[in-house]
file work06.cif (mmCIF, C-alpha atoms)
data_structure
#
loop_
_atom_site.label_atom_id
_atom_site.label_comp_id
_atom_site.auth_asym_id
_atom_site.auth_seq_id
_atom_site.Cartn_x
_atom_site.Cartn_y
_atom_site.Cartn_z
CA MET S 3 123.97 44.67 78.83
CA ASN S 4 123.22 48.30 79.55
CA ASN S 5 124.45 51.50 77.99
CA PRO S 6 127.15 52.99 80.22
CA GLU S 7 126.66 56.22 82.12
CA PHE S 8 129.52 58.55 82.94
CA ASP S 9 130.30 58.79 86.67
CA GLU S 10 133.24 61.02 87.50
CA SER S 11 133.23 59.83 91.12
CA THR S 12 134.43 56.37 90.09
CA SER S 13 137.62 55.12 88.48
CA ASP S 14 138.02 52.63 85.66
CA LYS S 15 141.55 51.66 86.79
CA ALA S 16 140.80 47.95 87.25
CA LEU S 17 138.86 47.86 83.98
CA ILE S 18 141.69 49.68 82.19
CA ASP S 19 144.12 47.04 83.48
CA GLU S 20 141.76 44.34 82.16
CA PHE S 21 141.45 46.18 78.83
CA TYR S 22 145.22 46.29 78.32
CA ARG S 23 145.75 42.69 79.41
CA ASP S 24 143.05 41.41 77.04
CA LEU S 25 144.01 43.81 74.24
CA LEU S 26 147.56 42.45 74.12
CA ILE S 27 146.35 38.85 74.21
CA ARG S 28 143.75 39.38 71.49
CA TYR S 29 145.78 41.78 69.34
CA PRO S 30 149.49 41.12 69.90
CA GLU S 31 150.26 43.18 66.80
CA LEU S 32 149.53 46.27 68.95
CA LYS S 33 152.12 45.34 71.62
CA GLU S 34 154.93 47.47 70.21
CA ASP S 35 152.69 50.53 69.88
CA VAL S 36 151.23 50.09 73.37
CA GLU S 37 154.70 49.81 74.87
CA TYR S 38 155.88 52.86 72.94
CA ASN S 39 152.84 54.90 74.04
CA GLU S 40 153.64 54.21 77.71
CA GLY S 41 150.06 53.96 78.97
CA LEU S 42 148.55 56.84 77.01
CA LEU S 43 145.06 55.38 76.87
CA HIS S 44 143.64 57.64 74.17
CA ILE S 45 146.55 56.98 71.81
CA ASP S 46 146.30 53.23 72.42
CA MET S 47 142.55 53.40 71.82
CA ARG S 48 143.20 55.22 68.54
CA ASP S 49 145.63 52.47 67.51
CA PHE S 50 142.96 49.91 68.34
CA GLN S 51 140.46 51.95 66.29
CA SER S 52 142.83 51.79 63.31
CA LEU S 53 143.02 48.03 63.65
CA ALA S 54 139.21 47.78 63.66
CA GLU S 55 138.91 50.16 60.71
CA ASN S 56 141.30 47.94 58.76
CA LEU S 57 139.08 44.96 59.54
CA CYS S 58 136.20 46.95 58.02
CA LYS S 59 138.22 47.91 54.97
CA ASP S 60 139.38 44.32 54.45
CA ARG S 61 135.84 43.05 55.10
CA LYS S 62 137.02 40.62 57.77
CA LEU S 63 133.53 40.60 59.20
CA ASP S 64 133.89 37.72 61.66
CA GLU S 65 137.03 39.26 63.16
CA LEU S 66 135.36 42.67 63.24
CA ARG S 67 132.28 41.28 64.97
CA GLU S 68 134.50 39.62 67.58
CA CYS S 69 136.43 42.87 68.04
CA PHE S 70 133.23 44.85 68.58
CA MET S 71 131.77 42.23 70.93
CA TRP S 72 134.86 42.35 73.11
CA LEU S 73 134.96 46.15 73.14
CA ASN S 74 131.25 46.24 73.91
CA SER S 75 131.82 44.11 77.02
CA ILE S 76 134.36 46.68 78.20
CA PHE S 77 132.26 49.67 77.08
CA CYS S 78 129.17 48.56 79.01
CA ARG S 79 131.15 48.32 82.25
CA SER S 80 133.10 51.56 81.86
CA LYS S 81 132.15 54.64 83.85
CA ASN S 82 134.91 57.22 83.62
CA GLU S 83 138.34 57.30 81.97
CA LEU S 84 137.82 54.24 79.79
CA LEU S 85 134.34 55.33 78.74
CA ASN S 86 135.78 58.67 77.68
CA ALA S 87 138.59 57.00 75.71
CA ILE S 88 136.19 54.65 73.90
CA ASN S 89 133.83 57.50 73.05
CA VAL S 90 136.45 60.05 72.01
CA SER S 91 139.24 57.92 70.58
CA PHE S 92 137.38 54.92 69.15
CA LEU S 93 133.79 55.82 68.32
CA GLU S 94 133.95 59.53 67.52
CA TYR S 95 135.78 59.34 64.20
CA PHE S 96 135.32 55.66 63.36
CA GLU S 97 135.49 55.26 59.57
CA PHE S 98 133.66 52.14 58.49
CA GLN S 99 132.59 53.55 55.11
CA LYS S 100 135.68 52.33 53.24
CA GLY S 101 134.51 48.73 53.58
CA LEU S 102 131.01 48.55 55.01
CA SER S 103 127.62 50.03 54.37
CA GLU S 104 125.79 51.78 57.22
CA LYS S 105 123.44 48.79 57.41
CA GLU S 106 126.30 46.28 57.69
CA PHE S 107 128.04 48.41 60.31
CA LYS S 108 124.88 48.62 62.41
CA GLU S 109 124.29 44.86 62.12
CA ILE S 110 127.85 43.94 63.12
CA MET S 111 128.24 46.36 66.03
CA PRO S 112 126.48 45.37 69.29
CA LYS S 113 123.53 47.62 70.10
CA GLU S 114 125.13 49.31 73.14
CA LEU S 115 128.30 50.20 71.26
CA TYR S 116 126.29 51.32 68.24
CA HIS S 117 124.18 53.51 70.52
CA GLY S 118 127.42 55.07 71.80
CA TYR S 119 128.53 55.61 68.20
CA THR S 120 125.27 57.33 67.24
CA GLU S 121 125.42 59.51 70.36
CA MET S 122 128.92 60.62 69.39
CA MET S 123 127.80 61.40 65.83
CA GLU S 124 124.84 63.45 67.15
CA TYR S 125 127.17 65.30 69.52
CA MET S 126 129.60 66.08 66.70
CA ASP S 127 126.73 67.31 64.49
CA GLU S 128 125.49 69.59 67.29
CA MET S 129 128.99 71.00 67.80
CA ALA S 130 129.36 71.66 64.07
CA LYS S 131 125.97 73.43 63.94
CA ALA S 132 126.84 75.57 66.97
CA SER S 133 130.18 76.47 65.42
CA ASN S 134 128.53 77.41 62.11
CA GLU S 135 125.97 79.55 63.92
CA ARG S 136 128.74 81.43 65.75
CA VAL S 137 130.52 82.06 62.45
CA ILE S 138 127.34 83.36 60.82
CA GLU S 139 126.66 85.70 63.77
CA THR S 140 130.09 87.37 63.48
#
call {"tool": "encode", "arguments": {"input": "work06.cif", "output": "structure tokens"}}
result
Amino acid sequence: MNNPEFDESTSDKALIDEFYRDLLIRYPELKEDVEYNEGLLHIDMRDFQSLAENLCKDRKLDELRECFMWLNSIFCRSKNELLNAINVSFLEYFEFQKGLSEKEFKEIMPKELYHGYTEMMEYMDEMAKASNERVIET
């Protein structure tokens, strides 16, 4: 699989439909939240992130690996709205530290998704540095 590249000229609508269909089959415990959120992709992605973080915390490593593999298959095909939701609402603030070491996290997460995670962490670090520099200048 390849790392996804953002393309604002395309739409992920069909992939988003696939994501929701598979999400509710794989994780029926999210059905009530998804229905309540009425198609708000970023909120649903955050709920999915919470589920995955709980798998980390509970050290359910096989289930976590399966979760990441499935998301990776979606991530690698995403180009626009879904790519943004995965980056911003799943990867950006993913907290694995309550149950996994950095090494375990890297080993469990597929390389493309882990690459997306590290890109988000680098982006957040750059934003924090730029913000600190602006504060120091004033």
call {"tool": "closest_residue", "arguments": {"input": "work06.cif", "among": "S:Asp127, S:Leu26, S:Thr120, S:Met47", "to": "Glu83 of chain S", "atoms": "only C-alpha atoms"}}
result
S:Met47
call {"tool": "closest_residue", "arguments": {"input": "work06.cif", "among": "S:Glu37, S:Glu106, S:Glu55, S:Asp64", "to": "Phe92 of chain S", "atoms": "all atoms listed in the file"}}
result
S:Glu55
call {"tool": "atom_distance", "arguments": {"input": "work06.cif", "atom1": "atom CA of Cys69 of chain S", "atom2": "atom CA of Asp9 of chain S"}}
result
25.3 Å
call {"tool": "closest_residue", "arguments": {"input": "work06.cif", "among": "S:Trp72, S:Tyr29, S:Tyr116, S:Tyr38", "to": "Leu93 of chain S", "atoms": "all atoms listed in the file"}}
result
S:Tyr116
call {"tool": "atom_distance", "arguments": {"input": "work06.cif", "atom1": "atom CA of Ala87 of chain S", "atom2": "atom CA of Glu135 of chain S"}}
result
28.4 Å
call {"tool": "resolve_selection", "arguments": {"input": "work06.cif", "expression": "the PyMOL selection byres ((chain S and resi 43) around 10)", "output": "ChimeraX atom specification"}}
result
/S:18,22,36,39-42,44-49,83-84,86-88,91
call {"tool": "atom_distance", "arguments": {"input": "work06.cif", "atom1": "atom CA of Arg67 of chain S", "atom2": "atom CA of Lys108 of chain S"}}
result
10.7 Å
call {"tool": "resolve_selection", "arguments": {"input": "work06.cif", "expression": "the PyMOL selection byres ((chain S and resi 102) around 12)", "output": "list in words"}}
result
Ala54, Glu55, Asn56, Leu57, Cys58, Lys59, Asp60, Arg61, Lys62, Leu63, Leu66, Phe96, Glu97, Phe98, Gln99, Lys100, Gly101, Ser103, Glu104, Lys105, Glu106, Phe107, Lys108, Glu109, Ile110 and Met111 of chain S
call {"tool": "closest_residue", "arguments": {"input": "work06.cif", "among": "S:Pro112, S:Phe77, S:Asn89, S:Glu34", "to": "Leu17 of chain S", "atoms": "all atoms listed in the file"}}
result
S:Phe77
call {"tool": "resolve_selection", "arguments": {"input": "work06.cif", "expression": "the PyMOL selection byres ((chain S and resi 78) around 12)", "output": "number ranges by chain"}}
result
S: 3-8, 14, 17, 70-77, 79-82, 84-85, 88-89, 112-118
call {"tool": "axis_aligned_box", "arguments": {"input": "work06.cif", "around": "segment 44-61 of chain S", "padding_each_side": "8 Å", "output": "AutoDock Vina command-line options"}}
result
--center_x 141.2 --center_y 50.3 --center_z 64.3 --size_x 26.7 --size_y 30.6 --size_z 35.7
